[in-house]
Structures are given as C-alpha cells and as structure tokens.
Amino acid sequence: MVTRLRSTGICRGRCMFRKWSRPSLLAILFVASVSAIGQAQQVTHVHPACLTPGQSQRVTLFGSGLTNVTQLWTSFTAKATRAPDVAPADGTVAFDLVVDTSVPVGIHGLRAVGEVAMSELKLVVVDTLPRSVETGNNVAASPQKLAIPFAVSGFILPEETDYYLVDAVAGQRVTIEVVGHRLGTPFDPLVRIVAPDGREFLTHDNDDGFDYDFRFPVTFPVAGPYRIEVRDARYQGGLWPYVLRVGDFPAVRVAYPTAPKEGELVALLGPGSRDIAPVVNDAAATLGPARSLSVTGSQGSTWVTISSEPN
C-alpha cells in the first residue's frame, strides 16, 4: 500500500527533510502503514456462495474490519446496495445484490471495499439452476429435501457431513457436481449416494480437470428417494463453502483447444460429450485471463474454463 505524504510541513522542499531525522520519518511511515492495515477488510467467507442472475439476493460477508465497508466490488456486472436493515458490525457486512442477466454461468469474484483498503478476492458461483441454501442437514435420519434440478450453497465443518434427499424416477439421468476446492479452500469433496433400499449406490471423489472437485453423470436405476451425502474426503473442514449442483446439464470437464482464438470452435470434452457439438469462443471474461465457456442442457448450464491468452 502506498502512503501519500502531504507536502505541507514534510516535503515542501529538499531543505525541509533536514528537519526530520531518518528514524523519525520512518516512524511516521510505519505508523501510517499500521493504521491503514488495522482498518483493512478481512473477509473469511461469503454466504451464499451461489448467486442467480436477474434476482435480488442478500449476500453476507463474514470476517473482520467490515464496519467501514461501503461498496461491494464484483468481477461481473451487478448492482450492489448496502443492506439498509443490517446494522454496521466489525464481523459482518450485507449487500442486496442483483446479478445482471448477461453474466455467464461460472465462477466469479467479490471484494469488500472500505475507506482505505479492499479485501482479498472471494469466489462465488453464478448459476441458473434453482438456488437454495443448506438448513440443518447434518443428521442422516433427517436430510434436507430438495427437488431436482437445484444448486444448494453450503459449508463444511470438521468431521461434518451434509445430507440431502431427492426423489428420482426410474432411469432418470442427471449430472452431479460439487464446486468446493475451486472456490479457493482446501476442501476435498466426496459424494456418497444411498439408494431407496438403504444400500450404498455409489461414492465419487475427484475428476480430472477439477483438482479435488468433480462433475459426473449418474442414472438412477429405480424410483424412490435417494440420499446424497457431501463431506470432505479427509473429514476436515472449516467454514469451507461449496455448491452442490444436480440437474440434467452436460458433464463436460475440459475444452480443446484450451486457449482458443476469438471466434474459434471449441470442443467440450467429458462423459457423454460425443453428442455435444463444438461451440464458438465468444465467452465473456470472468477473472483475469480465465474465461468461462458455457453449454446448456435441458435443466441448466455448465461451464469449462479456457484461457483468454491464446498461444
């Protein structure tokens, strides 16, 4: 951070510096820097971690030094208004946010803006699937019921499992995805699905192209309620946000070429991708050189990450 010194009394001319010893000047700079750092915004997590284009939604940032936050910076087009019904507090700040309908499905960024500093970048998912948040779903006997399709925003704590219940018809095919590690935490998500008869149907962990996250297709063999369990593969955690996405959208994972030129056709690769036609690289920029290229299924869209800096 650059600290600006006013010209009056300190740097009016070269001779003025002779009135200040080097230790004194360094002390002034140090105190100014510490003061600025002390007022800096620290954001630990954002809730919810999933946002819907075109809808007004309350977004809460948690951390410290948030009393003087005045604005919410976004890497995407949106209108953010400080929540008028939430009193200023050091540990939280809330905004009413409307994401523009032009924002592509994918991972985007937020920052809290204060009087003297800006917080570190926090990542969220912009999604067109019906959105919800986890509510009291840490007991297997009382899972949270959701209707397919959905995108649910949750947190993982140490040694914790989140339980969801969905009703499926025989032969129903969906894609299941967890966006967790890609939101910038050590989260290593694992999904376990229990069939209507109480037996384990499948367990899935890690897919190529997603670090520790995954996106995979599944077909429910019989009708009935299926329990979807989400936890860290190592039983770790710490208010790590995630988004569980379930619906009929393509299970693509990578793009080829990975750094296409503007207007170039891009192949989307993954399970079942043989039936997906190549798409034109006209993706909107998201975070820095990374861009999200989306493809739509019958119930929602998904995305692959490409580079905006072709070789």
# chains A, B, ... in the order shown; residues from 1 in each chain; ligands from 1
>>> residues_around(residues="Arg131 in chain A", least_positions_apart="6", cutoff="9 Å", atoms="only C-alpha atoms", output="JSON, numbers by chain")
{"A": [50, 51, 52, 150, 151, 152, 153]}
>>> write_last_selection(atoms="N, CA and C atoms", output="compact mmCIF listing (two decimals), in the first residue's frame")
# COMPACT_ATOMS: atom_id res chain seq x y z
N CYS A 50 -23.60 -19.10 -3.94
CA CYS A 50 -24.24 -19.30 -5.23
C CYS A 50 -25.22 -18.15 -5.48
N LEU A 51 -25.13 -17.53 -6.65
CA LEU A 51 -25.93 -16.37 -6.99
C LEU A 51 -26.70 -16.62 -8.28
N THR A 52 -27.91 -16.03 -8.38
CA THR A 52 -28.77 -16.24 -9.53
C THR A 52 -28.89 -14.95 -10.34
N PHE A 150 -31.38 -28.45 -8.92
CA PHE A 150 -31.10 -27.46 -7.88
C PHE A 150 -29.61 -27.18 -7.80
N ALA A 151 -29.30 -26.05 -7.18
CA ALA A 151 -27.93 -25.69 -6.79
C ALA A 151 -28.04 -25.22 -5.35
N VAL A 152 -27.42 -25.94 -4.41
CA VAL A 152 -27.54 -25.61 -3.00
C VAL A 152 -26.19 -25.16 -2.47
N SER A 153 -26.20 -24.06 -1.72
CA SER A 153 -24.98 -23.48 -1.16
C SER A 153 -24.84 -23.92 0.28
>>> select_by_dssp(residues="range 8-179 of chain A", states="alpha helix (DSSP H)", output="PyMOL selection string")
chain A and resi 22-38
>>> write_last_selection(atoms="N, CA and C atoms", output="mmCIF file, in the first residue's frame")
data_model
loop_
_atom_site.group_PDB
_atom_site.id
_atom_site.type_symbol
_atom_site.label_atom_id
_atom_site.label_comp_id
_atom_site.auth_asym_id
_atom_site.auth_seq_id
_atom_site.Cartn_x
_atom_site.Cartn_y
_atom_site.Cartn_z
ATOM 1 N N ARG A 22 16.041 10.592 9.924
ATOM 2 C CA ARG A 22 15.599 9.402 9.199
ATOM 3 C C ARG A 22 14.750 8.480 10.075
ATOM 4 N N PRO A 23 15.150 8.236 11.330
ATOM 5 C CA PRO A 23 14.297 7.395 12.181
ATOM 6 C C PRO A 23 12.912 7.988 12.387
ATOM 7 N N SER A 24 12.821 9.316 12.521
ATOM 8 C CA SER A 24 11.515 9.943 12.738
ATOM 9 C C SER A 24 10.621 9.780 11.518
ATOM 10 N N LEU A 25 11.192 9.991 10.328
ATOM 11 C CA LEU A 25 10.421 9.858 9.099
ATOM 12 C C LEU A 25 9.946 8.419 8.915
ATOM 13 N N LEU A 26 10.839 7.450 9.180
ATOM 14 C CA LEU A 26 10.452 6.043 9.074
ATOM 15 C C LEU A 26 9.356 5.699 10.072
ATOM 16 N N ALA A 27 9.428 6.312 11.258
ATOM 17 C CA ALA A 27 8.401 6.062 12.275
ATOM 18 C C ALA A 27 7.045 6.547 11.797
ATOM 19 N N ILE A 28 7.036 7.739 11.159
ATOM 20 C CA ILE A 28 5.775 8.278 10.645
ATOM 21 C C ILE A 28 5.196 7.353 9.582
ATOM 22 N N LEU A 29 6.051 6.908 8.664
ATOM 23 C CA LEU A 29 5.600 5.995 7.615
ATOM 24 C C LEU A 29 5.092 4.694 8.199
ATOM 25 N N PHE A 30 5.781 4.187 9.225
ATOM 26 C CA PHE A 30 5.382 2.927 9.839
ATOM 27 C C PHE A 30 4.020 3.056 10.508
ATOM 28 N N VAL A 31 3.829 4.153 11.265
ATOM 29 C CA VAL A 31 2.554 4.354 11.955
ATOM 30 C C VAL A 31 1.415 4.487 10.953
ATOM 31 N N ALA A 32 1.667 5.217 9.861
ATOM 32 C CA ALA A 32 0.628 5.379 8.839
ATOM 33 C C ALA A 32 0.274 4.049 8.214
ATOM 34 N N SER A 33 1.279 3.223 7.947
ATOM 35 C CA SER A 33 1.036 1.920 7.333
ATOM 36 C C SER A 33 0.270 1.013 8.280
ATOM 37 N N VAL A 34 0.682 0.980 9.550
ATOM 38 C CA VAL A 34 -0.007 0.137 10.528
ATOM 39 C C VAL A 34 -1.452 0.568 10.681
ATOM 40 N N SER A 35 -1.676 1.897 10.681
ATOM 41 C CA SER A 35 -3.035 2.401 10.806
ATOM 42 C C SER A 35 -3.897 1.950 9.651
ATOM 43 N N ALA A 36 -3.325 2.004 8.439
ATOM 44 C CA ALA A 36 -4.079 1.573 7.256
ATOM 45 C C ALA A 36 -4.359 0.086 7.305
ATOM 46 N N ILE A 37 -3.346 -0.709 7.692
ATOM 47 C CA ILE A 37 -3.531 -2.149 7.771
ATOM 48 C C ILE A 37 -4.586 -2.497 8.815
ATOM 49 N N GLY A 38 -4.571 -1.755 9.939
ATOM 50 C CA GLY A 38 -5.527 -2.030 11.001
ATOM 51 C C GLY A 38 -6.963 -1.824 10.543
#
>>> residues_around(residues="Thr296 in chain A", least_positions_apart="2", cutoff="12 Å", atoms="only C-alpha atoms", output="ChimeraX atom specification")
/A:104-105,127-129,247-252,268,276-277,279,293-294,298-304
>>> atom_distance(atom1="CA of Ala83 in chain A", atom2="CA of Thr70 in chain A")
10.5 Å
>>> closest_residue(among="A:Tyr164, A:Tyr256, A:Phe201, A:Tyr242", to="Gly180 in chain A", atoms="only C-alpha atoms")
A:Tyr242
>>> residues_around(residues="Val69 in chain A", least_positions_apart="5", cutoff="10 Å", atoms="only C-alpha atoms", output="PyMOL selection string")
chain A and resi 39-41+82+88-90+92-94+112-119
>>> select_by_dssp(residues="range 82-293 of chain A", states="strand (DSSP E)", output="VMD selection string")
chain A and resid 82 92 to 99 106 to 113 122 to 126 131 to 133 144 to 145 150 to 156 161 to 168 173 to 179 189 to 194 200 to 204 214 to 219 224 to 232 240 to 247 254 to 256 265 to 269 279 to 280 285 to 287 290 to 293
>>> residues_around(residues="Thr203 in chain A", least_positions_apart="3", cutoff="12 Å", atoms="only C-alpha atoms", output="PyMOL selection string")
chain A and resi 176+189-195+199-200+206+214+216+218+227-231+233
>>> atom_distance(atom1="CA of Gly198 in chain A", atom2="CA of Gly171 in chain A")
18.3 Å
>>> atom_distance(atom1="CA of Asp96 in chain A", atom2="CA of Lys79 in chain A")
8.2 Å
>>> closest_residue(among="A:Leu165, A:Val174, A:Val103, A:Ile148", to="Arg291 in chain A", atoms="only C-alpha atoms")
A:Val103
>>> residues_around(residues="Gln144 in chain A", least_positions_apart="5", cutoff="8 Å", atoms="only C-alpha atoms", output="ChimeraX atom specification")
/A:134-137,163-165
>>> residues_around(residues="Ile107 in chain A", least_positions_apart="5", cutoff="7 Å", atoms="only C-alpha atoms", output="list in words")
Leu123, Val124, Val125 and Val126 of chain A
>>> closest_residue(among="A:Val254, A:Val295, A:Val169, A:Val59", to="Phe220 in chain A", atoms="only C-alpha atoms")
A:Val169
>>> closest_residue(among="A:Gly238, A:Gly91, A:Pro217, A:Pro186", to="Leu157 in chain A", atoms="only C-alpha atoms")
A:Gly238
>>> decode(residues="range 227-257 of chain A", atoms="C-alpha atoms", output="compact mmCIF listing (two decimals), in the first residue's frame")
# COMPACT_ATOMS: atom_id res chain seq x y z
CA ARG A 227 -29.87 -39.58 -0.07
CA ILE A 228 -26.93 -37.51 -1.30
CA GLU A 229 -24.18 -37.02 1.27
CA VAL A 230 -21.46 -34.37 0.97
CA ARG A 231 -18.34 -34.32 3.14
CA ASP A 232 -14.60 -33.73 3.00
CA ALA A 233 -12.75 -36.89 1.93
CA ARG A 234 -10.40 -36.47 4.94
CA TYR A 235 -13.17 -35.42 7.38
CA GLN A 236 -11.61 -31.96 7.57
CA GLY A 237 -13.33 -28.60 7.23
CA GLY A 238 -13.59 -25.04 8.50
CA LEU A 239 -16.49 -23.00 7.11
CA TRP A 240 -15.45 -24.11 3.64
CA PRO A 241 -18.14 -23.07 1.16
CA TYR A 242 -19.38 -25.35 -1.58
CA VAL A 243 -22.15 -25.54 -4.16
CA LEU A 244 -23.81 -28.89 -4.88
CA ARG A 245 -25.35 -28.86 -8.37
CA VAL A 246 -27.77 -31.57 -9.53
CA GLY A 247 -29.66 -31.49 -12.82
CA ASP A 248 -29.70 -32.52 -16.45
CA PHE A 249 -26.77 -30.47 -17.72
CA PRO A 250 -23.72 -31.67 -19.72
CA ALA A 251 -20.94 -33.34 -17.69
CA VAL A 252 -18.19 -31.66 -19.74
CA ARG A 253 -14.89 -31.08 -17.96
CA VAL A 254 -12.31 -29.62 -20.33
CA ALA A 255 -12.13 -27.58 -23.54
CA TYR A 256 -9.96 -28.15 -26.59
CA PRO A 257 -8.11 -26.05 -27.51
